[in-house]
Structures are given as structure tokens and as C-alpha cells.
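Dropping query_14.txt in here (compact mmCIF, C-alpha atoms):
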# COMPACT_ATOMS: atom_id res chain seq x y z
CA MET U 5 0.00 0.00 0.00
CA ALA U 6 1.25 3.48 -0.85
CA LEU U 7 0.41 6.68 1.01
CA LYS U 8 -1.80 8.59 -1.41
CA ASP U 9 -4.34 10.26 0.87
CA ILE U 10 -3.33 11.99 4.13
CA LEU U 11 -5.57 13.82 6.61
CA VAL U 12 -4.14 16.33 9.10
CA ARG U 13 -5.94 18.04 11.98
CA LEU U 14 -5.14 21.76 11.81
CA ASP U 15 -5.35 24.63 14.29
CA HIS U 16 -4.03 28.18 14.45
CA THR U 17 -1.20 27.59 16.95
CA GLU U 18 2.51 27.38 16.19
CA THR U 19 2.46 23.67 17.03
CA GLY U 20 -0.48 23.30 14.65
CA PHE U 21 1.53 24.99 11.90
CA ALA U 22 4.49 22.72 12.68
CA ARG U 23 2.16 19.73 12.29
CA LEU U 24 1.08 21.15 8.93
CA ASP U 25 4.71 21.48 7.79
CA LEU U 26 5.40 17.87 8.78
CA SER U 27 2.27 16.66 6.98
CA ALA U 28 3.02 18.64 3.82
CA GLU U 29 6.58 17.30 3.65
CA LEU U 30 5.29 13.74 4.17
CA ALA U 31 2.73 14.23 1.38
CA ARG U 32 5.47 15.58 -0.92
CA ARG U 33 7.77 12.62 -0.29
CA HIS U 34 5.01 10.11 -1.00
CA GLY U 35 3.20 11.94 -3.77
CA ALA U 36 0.06 12.04 -1.62
CA ARG U 37 -2.96 14.33 -1.52
CA LEU U 38 -3.23 16.30 1.73
CA THR U 39 -6.57 17.18 3.34
CA GLY U 40 -6.46 19.78 6.10
CA LEU U 41 -9.30 19.67 8.64
CA TYR U 42 -9.95 22.74 10.77
CA VAL U 43 -12.57 22.33 13.49
CA ARG U 44 -14.49 25.31 14.82
CA ASP U 45 -15.32 23.92 18.23
CA GLN U 46 -16.91 25.96 20.98
CA SER U 47 -14.42 28.14 22.85
CA MET U 48 -14.03 28.66 26.57
CA ALA U 49 -15.10 32.28 26.04
CA HIS U 50 -18.33 31.10 24.40
CA GLU U 51 -19.03 28.81 27.32
CA ALA U 52 -18.36 31.61 29.81
CA SER U 53 -20.81 33.96 28.05
CA ILE U 54 -23.47 31.25 27.98
CA GLN U 55 -23.05 30.63 31.71
CA ALA U 56 -23.19 34.38 32.40
CA GLY U 57 -26.52 34.57 30.58
CA GLU U 58 -27.92 31.56 32.39
CA LEU U 59 -26.97 33.07 35.76
CA GLY U 60 -28.36 36.49 34.84
CA LEU U 61 -24.94 38.16 35.10
CA ALA U 62 -25.19 39.84 31.70
CA SER U 63 -27.94 41.08 29.42
CA ALA U 64 -28.85 39.32 26.19
CA ALA U 65 -27.51 42.29 24.20
CA ALA U 66 -24.16 42.19 26.02
CA ILE U 67 -23.83 38.44 25.52
CA SER U 68 -24.68 38.81 21.83
CA GLU U 69 -22.01 41.46 21.40
CA VAL U 70 -19.39 39.32 23.14
CA ASN U 71 -20.26 36.29 21.04
CA GLN U 72 -20.02 38.33 17.85
CA ARG U 73 -16.51 39.43 18.78
CA ILE U 74 -15.57 35.83 19.57
CA ASP U 75 -17.03 34.59 16.29
CA GLN U 76 -15.04 37.21 14.37
CA ALA U 77 -11.84 36.18 16.15
CA LEU U 78 -12.54 32.54 15.31
CA LEU U 79 -13.14 33.44 11.68
CA ASP U 80 -9.92 35.46 11.49
CA GLU U 81 -7.86 32.60 12.90
CA MET U 82 -9.55 30.09 10.62
CA LEU U 83 -8.79 32.22 7.55
CA LYS U 84 -5.18 32.64 8.67
CA THR U 85 -4.82 28.88 9.01
CA GLN U 86 -6.44 28.28 5.63
CA GLU U 87 -4.04 30.71 3.97
CA ARG U 88 -1.09 28.95 5.62
CA PHE U 89 -2.40 25.56 4.44
CA GLU U 90 -2.89 26.70 0.84
CA ARG U 91 0.57 28.29 0.82
CA SER U 92 2.07 24.97 1.96
CA LEU U 93 0.37 23.19 -0.92
CA ARG U 94 1.90 25.64 -3.39
CA GLU U 95 5.37 25.56 -1.84
CA LYS U 96 5.47 21.75 -1.74
CA ASP U 97 3.75 21.42 -5.13
CA ILE U 98 1.20 18.94 -3.79
CA GLN U 99 -2.53 18.47 -4.25
CA GLY U 100 -4.85 19.08 -1.33
CA GLU U 101 -8.19 20.13 0.06
CA TRP U 102 -9.23 22.48 2.88
CA ARG U 103 -12.12 21.32 5.07
CA CYS U 104 -13.75 23.25 7.93
CA HIS U 105 -16.05 21.48 10.38
CA ASN U 106 -18.09 22.64 13.35
CA GLY U 107 -16.95 20.39 16.27
CA PRO U 108 -16.45 18.22 18.13
CA ALA U 109 -13.09 17.42 16.59
CA ARG U 110 -12.87 13.75 17.54
CA ASP U 111 -16.09 12.89 15.66
CA ALA U 112 -15.01 14.70 12.50
CA MET U 113 -11.53 13.18 12.56
CA SER U 114 -12.76 9.63 13.14
CA SER U 115 -15.27 9.74 10.29
CA MET U 116 -13.05 11.55 7.75
CA ALA U 117 -10.03 9.34 8.53
CA ARG U 118 -11.88 6.29 7.22
CA TYR U 119 -11.37 7.58 3.69
CA LYS U 120 -7.64 8.29 4.10
CA ASP U 121 -4.44 6.25 4.25
CA LEU U 122 -3.12 8.11 7.30
CA CYS U 123 -4.55 10.49 9.89
CA ILE U 124 -2.25 13.01 11.64
CA VAL U 125 -3.31 14.59 14.94
CA GLY U 126 -1.80 16.45 17.88
CA SER U 127 -1.51 14.87 21.30
CA ASN U 128 -2.40 17.78 23.59
CA PRO U 129 -5.56 19.93 23.63
CA LEU U 130 -5.49 23.55 22.58
CA ASP U 131 -6.33 25.63 25.64
CA ASP U 132 -7.07 29.17 24.53
CA GLU U 133 -9.88 31.21 26.03
CA ARG U 134 -10.43 33.16 22.80
CA PHE U 135 -10.31 30.35 20.31
CA PRO U 136 -11.68 26.82 19.84
CA LEU U 137 -11.10 24.01 22.28
CA VAL U 138 -9.62 21.02 20.49
CA ARG U 139 -11.76 18.39 22.14
CA GLU U 140 -9.85 15.74 20.35
CA SER U 141 -9.07 12.36 21.82
CA ALA U 142 -6.26 10.64 19.95
CA GLU U 143 -7.34 7.36 21.56
CA GLN U 144 -10.83 7.67 20.14
CA VAL U 145 -9.54 8.46 16.66
CA ILE U 146 -7.32 5.36 16.84
CA PHE U 147 -10.10 3.10 18.08
CA LEU U 148 -12.96 4.44 15.93
CA SER U 149 -11.39 5.35 12.59
CA GLY U 150 -10.03 1.95 11.54
CA ARG U 151 -6.99 3.76 10.11
CA PRO U 152 -3.40 4.33 11.22
CA VAL U 153 -3.00 7.49 13.29
CA LEU U 154 0.19 9.52 13.56
CA ILE U 155 0.26 11.42 16.87
CA VAL U 156 2.55 14.46 16.79
CA PRO U 157 3.52 15.90 20.21
CA PRO U 158 3.26 19.68 20.71
CA ASP U 159 7.02 20.25 20.83
CA THR U 160 7.76 18.57 17.49
CA TYR U 161 9.04 21.30 15.18
CA SER U 162 10.99 19.30 12.61
CA SER U 163 9.30 18.41 9.33
CA LYS U 164 11.63 15.42 9.00
CA ILE U 165 9.92 12.17 9.90
CA GLY U 166 10.40 8.54 8.99
CA THR U 167 14.12 8.62 8.22
CA ARG U 168 14.96 6.42 11.21
CA ILE U 169 12.10 4.32 12.62
CA VAL U 170 11.81 2.22 15.76
CA ILE U 171 9.12 -0.48 15.82
CA GLY U 172 7.82 -1.66 19.19
CA TRP U 173 7.27 -5.35 18.48
CA ASP U 174 5.44 -7.89 20.68
CA ALA U 175 4.02 -10.13 17.91
CA SER U 176 0.47 -9.08 18.81
CA ARG U 177 -2.37 -8.44 16.38
CA ALA U 178 -2.18 -4.69 17.08
CA ALA U 179 1.58 -4.53 16.50
CA THR U 180 1.21 -6.51 13.28
CA ARG U 181 -1.49 -4.14 12.06
CA SER U 182 0.63 -1.08 12.89
CA VAL U 183 3.69 -2.43 11.10
CA ASN U 184 1.64 -3.26 8.01
CA ASP U 185 0.02 0.20 8.02
CA ALA U 186 3.44 1.85 8.41
CA LEU U 187 5.00 -0.15 5.57
CA PRO U 188 5.05 2.81 3.09
CA LEU U 189 7.11 4.75 5.65
CA ILE U 190 9.30 1.80 6.60
CA VAL U 191 10.43 0.99 3.06
CA LYS U 192 11.51 4.62 2.52
CA ALA U 193 13.34 4.92 5.85
CA GLU U 194 17.13 5.06 6.01
CA GLN U 195 17.02 2.55 8.88
CA THR U 196 14.32 0.66 10.76
CA GLU U 197 14.92 -1.11 14.06
CA VAL U 198 12.55 -3.77 15.38
CA VAL U 199 12.67 -3.59 19.18
CA ALA U 200 11.22 -6.26 21.46
CA VAL U 201 10.93 -5.26 25.13
CA ASN U 202 11.10 -8.16 27.60
CA PRO U 203 9.83 -10.55 24.90
CA LYS U 204 8.00 -13.75 25.67
CA THR U 205 8.45 -16.81 23.50
CA ARG U 206 5.32 -17.48 21.45
CA GLU U 207 4.21 -20.73 19.94
CA GLY U 208 5.44 -20.99 16.37
CA ASP U 209 8.39 -18.60 16.79
CA ARG U 210 11.23 -19.83 14.59
CA ASN U 211 13.94 -17.91 16.39
CA GLU U 212 13.49 -17.98 20.16
CA GLU U 213 16.87 -16.37 20.79
CA LEU U 214 16.04 -13.17 18.92
CA PRO U 215 12.29 -12.39 18.83
CA GLY U 216 11.43 -10.00 16.02
CA THR U 217 13.61 -11.76 13.48
CA GLU U 218 10.74 -13.02 11.35
CA ILE U 219 8.98 -9.66 11.08
CA ALA U 220 12.35 -8.09 10.24
CA GLU U 221 12.85 -10.65 7.45
CA HIS U 222 9.36 -9.87 6.16
CA LEU U 223 10.14 -6.14 6.05
CA ALA U 224 13.48 -6.79 4.37
CA ARG U 225 11.68 -8.60 1.56
CA HIS U 226 9.86 -5.31 0.91
CA GLY U 227 13.21 -3.56 0.61
CA ALA U 228 13.45 -2.15 4.15
CA LYS U 229 16.83 -1.67 5.82
CA VAL U 230 16.07 -3.36 9.13
CA SER U 231 17.76 -4.61 12.29
CA VAL U 232 16.52 -6.34 15.45
CA THR U 233 17.12 -5.47 19.11
CA CYS U 234 15.86 -7.13 22.30
CA LEU U 235 15.71 -5.05 25.49
CA HIS U 236 15.52 -6.72 28.89
CA GLU U 237 14.70 -4.00 31.40
CA LYS U 238 12.29 -3.43 34.23
CA GLY U 239 9.63 -0.77 33.81
CA ASP U 240 6.87 0.37 31.52
CA ALA U 241 7.33 -0.91 27.96
CA GLY U 242 6.33 2.46 26.51
CA ASP U 243 8.89 4.36 28.56
CA ILE U 244 11.60 1.86 27.63
CA LEU U 245 10.76 2.13 23.93
CA LEU U 246 10.72 5.92 24.00
CA ARG U 247 14.06 6.15 25.79
CA HIS U 248 15.65 3.73 23.35
CA ALA U 249 14.17 5.54 20.33
CA ARG U 250 15.54 8.89 21.54
CA GLU U 251 18.97 7.43 22.29
CA CYS U 252 19.32 5.97 18.81
CA GLY U 253 18.15 9.17 17.10
CA ALA U 254 14.83 7.87 15.77
CA ASP U 255 12.24 10.35 14.50
CA LEU U 256 9.25 7.96 14.50
CA LEU U 257 8.01 5.21 16.80
CA VAL U 258 5.60 2.59 15.39
CA THR U 259 3.61 0.52 17.89
CA GLY U 260 0.33 -1.26 18.35
CA CYS U 261 -2.11 -0.29 21.08
CA TYR U 262 -0.80 -1.98 24.18
CA GLY U 263 -3.01 -3.25 26.98
CA HIS U 264 -5.47 -6.03 27.75
CA SER U 265 -8.57 -4.54 26.18
CA ARG U 266 -10.05 -1.39 24.74
CA ILE U 267 -12.09 -0.80 27.91
CA ALA U 268 -9.00 -1.24 30.08
CA GLU U 269 -7.15 1.32 27.98
CA PHE U 270 -9.90 3.92 28.46
CA LEU U 271 -10.40 3.27 32.18
CA LEU U 272 -6.97 2.29 33.43
CA GLY U 273 -4.52 3.95 31.09
CA GLY U 274 -1.42 1.85 30.57
CA THR U 275 1.36 1.79 28.03
CA THR U 276 -0.78 3.16 25.19
CA LEU U 277 -1.71 6.27 27.15
CA SER U 278 1.86 6.79 28.34
CA LEU U 279 2.93 6.83 24.69
CA LEU U 280 0.14 9.23 23.74
CA ASN U 281 0.92 11.64 26.56
CA GLN U 282 4.69 11.81 26.05
CA THR U 283 6.44 14.68 24.32
CA GLY U 284 9.10 14.82 21.67
CA MET U 285 8.49 11.65 19.65
CA PRO U 286 5.87 11.19 16.91
CA VAL U 287 4.10 7.85 17.30
CA LEU U 288 2.17 5.88 14.69
CA MET U 289 -0.50 3.56 16.06
CA SER U 290 -3.21 1.33 14.64
CA TYR U 291 -5.89 -0.72 16.35

Mind converting the file's structure to C-alpha cells?
Amino acid sequence: MALKDILVRLDHTETGFARLDLSAELARRHGARLTGLYVRDQSMAHEASIQAGELGLASAAAISEVNQRIDQALLDEMLKTQERFERSLREKDIQGEWRCHNGPARDAMSSMARYKDLCIVGSNPLDDERFPLVRESAEQVIFLSGRPVLIVPPDTYSSKIGTRIVIGWDASRAATRSVNDALPLIVKAEQTEVVAVNPKTREGDRNEELPGTEIAEHLARHGAKVSVTCLHEKGDAGDILLRHARECGADLLVTGCYGHSRIAEFLLGGTTLSLLNQTGMPVLMSY
């Protein structure tokens, strides 16, 4: 499968623009079409004015005036983001489409992602009293879209991604799905490292001494430059993977959704949430 259709969640912040730059460069490298989704969700200022009206703290005319100013600010920021998106398309010489949706963001992203090869989102909410709240749950997009999701932390400012990839491998269904979905990135990478953290021998494994060998051989048949590493350390598997990825200079981590069940992930957290909440390392996940 080739990457030919990419969806990116946009907002008006500097980290949102950095996410756009990363997405545009990825689309250029793969010859993909880029769709930018901007969500006009309700802002904290809107909510405050509504509450003031309900409590009788402001007149209807005053609330209307405030909301008009907020709406104009939202429109200005949306237009600024759209102009930045369209400029990126021209500069990168790629095809694309601008889409604007009235929130919530997670619903729009999950439904639109089903028609794309890859969905790119941020990991932290936008908290700005004047502008929209990004009520976006990366976990929900992963679980509901049926597509691979690339989560870009807020402090990721490099547009370079996928040159050196670390794969968190545990031979699970989720890890297998993520590796397959990431194959277009893996075959173009300068180096890919399959990393097994405290691996357990599974029935049918051909190489018990070095788990991950068979998936590495499979990737090599696709033309990937791949190596295998086993880490035996105490601690959270996500933290171990992230530390190793940073130490070896990786710019992308590919993993499945860890944990015992979808419900456990939502209620109890676990390795998946620790990966989603970290900073500094883009993570590609599938479910």
C-alpha cells in the first residue's frame, strides 16, 4: 500500500503549523494528496458567556455582542490557518483540500479518517480562552477510525519524519497491524529497528533467541533496511521504547495499542496512554 491520501488536523497555533509542515513534507515525499481539517469547536469564552446569561450576570444584548466578537476572532484565525495551508500546498507542489467542520473534533476526525491512508493529529488539547477548544481524543480516533493514526507531540518542530524508525514489536495483532500500516514509511526509511521489550516466546516462533527476526525478514523482503534489538529491562514498555528511540536518534516510533482490552485502555490507562501523553516523539498507532 502506498500513502496517497493523508488527513491532518489543523489549528491556528505554532504547534499546529508545525504539524502542517510535517504533513506537507510527508505528502510531498510520498506523492500524496493532503486534506487539512480545521474544526471550529466551541471556545471557553463562548461557554463563559453562555453561563453568564444563564446566571443572569449579563444582558442578552451584552452576551450577543461578546459572542459576535468571539465569532469574528474565530473566523480570522480560521482564515489565517487556511491561507497557511494553501501556501504549503503551493510551496510543496502537492494536491490538497481544505475542510472546515463545526466540532467536536474527535467525531469529524474519526469519520473523515476512514477515507484516508493516514490520519495526523496532535496529542495535547489547545487551551485558549479566545479560540476553539480542540476536544480531540487521539485514543478515540485510533479506536474508531479503523486507520493508522500519527500522533505528533506539541514540541515537534521538525518536518523530517520517517528517516529512522523504531518499531515496538510484541508479535500481537495490534503490532502486526501497525507495522503493516506503516509499511510505506518503513520501506523509505534510512534505517528501521525492530525492538522487542522483555519478549515472551510465542508458539510458532522460529527464532526464540532473537524475537522479532521473522517480522524483520518480512520487512526486508519489501526492501526495508532493518535490524533487530531485544531489550531486557524493568519498567513500563512504553517508557523503555521511547528512551531507546531517543537514544538511537529515531524520528518515529511505530507501535500497536498496548493493553489487555479497549475498555482497560480507556479506564486504566497503561502503556498506550503513556505513549500518547509523552512529548518529543511522533508515534504511529493502529488498532

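Taking CA of Asp159 in chain U as the reference point, CA of Gly40 in chain U is found at 20.0 Å.
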
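Compared by their closest atoms to Val156 in chain U, and using all atoms listed in the file, the residues U:Gly216, U:Gly126, U:Gly35, U:Gly239 rank with U:Gly126 nearest.
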
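The residue that comes closest to Gly150 in chain U, out of U:Tyr291, U:Thr217, U:Leu256, U:Asp243 and on the basis of only C-alpha atoms, is U:Tyr291.
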
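Coordinates place CA of Arg32 in chain U at a distance of 18.6 Å from CA of Gln86 in chain U.
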
Neighbour list for Glu101 in chain U as JSON, numbers by chain, cut-off 8 Å, all atoms listed in the file, skip fewer than 6 positions in-chain: {"U": [37, 38, 39, 40]}

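Take the candidates U:Met82, U:Leu246, U:Ala224, U:Val170 and check each one against Thr17 in chain U using all atoms listed in the file; the shortest distance goes to U:Met82.
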
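Residue nearest His248 in chain U within the list U:Lys96, U:Arg103, U:His236, U:Arg73: U:His236 [criterion: smallest interatomic distance, only C-alpha atoms].
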
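Among the candidates U:Trp102, U:Tyr42, U:Phe21, U:Trp173, the one nearest to Pro203 in chain U when counting only C-alpha atoms is U:Trp173.
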
To one decimal place, how far is CA of Asp174 in chain U from CA of Glu237 in chain U in Å? 14.7 Å

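With only C-alpha atoms as the atoms that count, the residue of U:Ala28, U:Ile171, U:Leu214, U:Ile244 with the shortest distance to Glu90 in chain U is U:Ala28.
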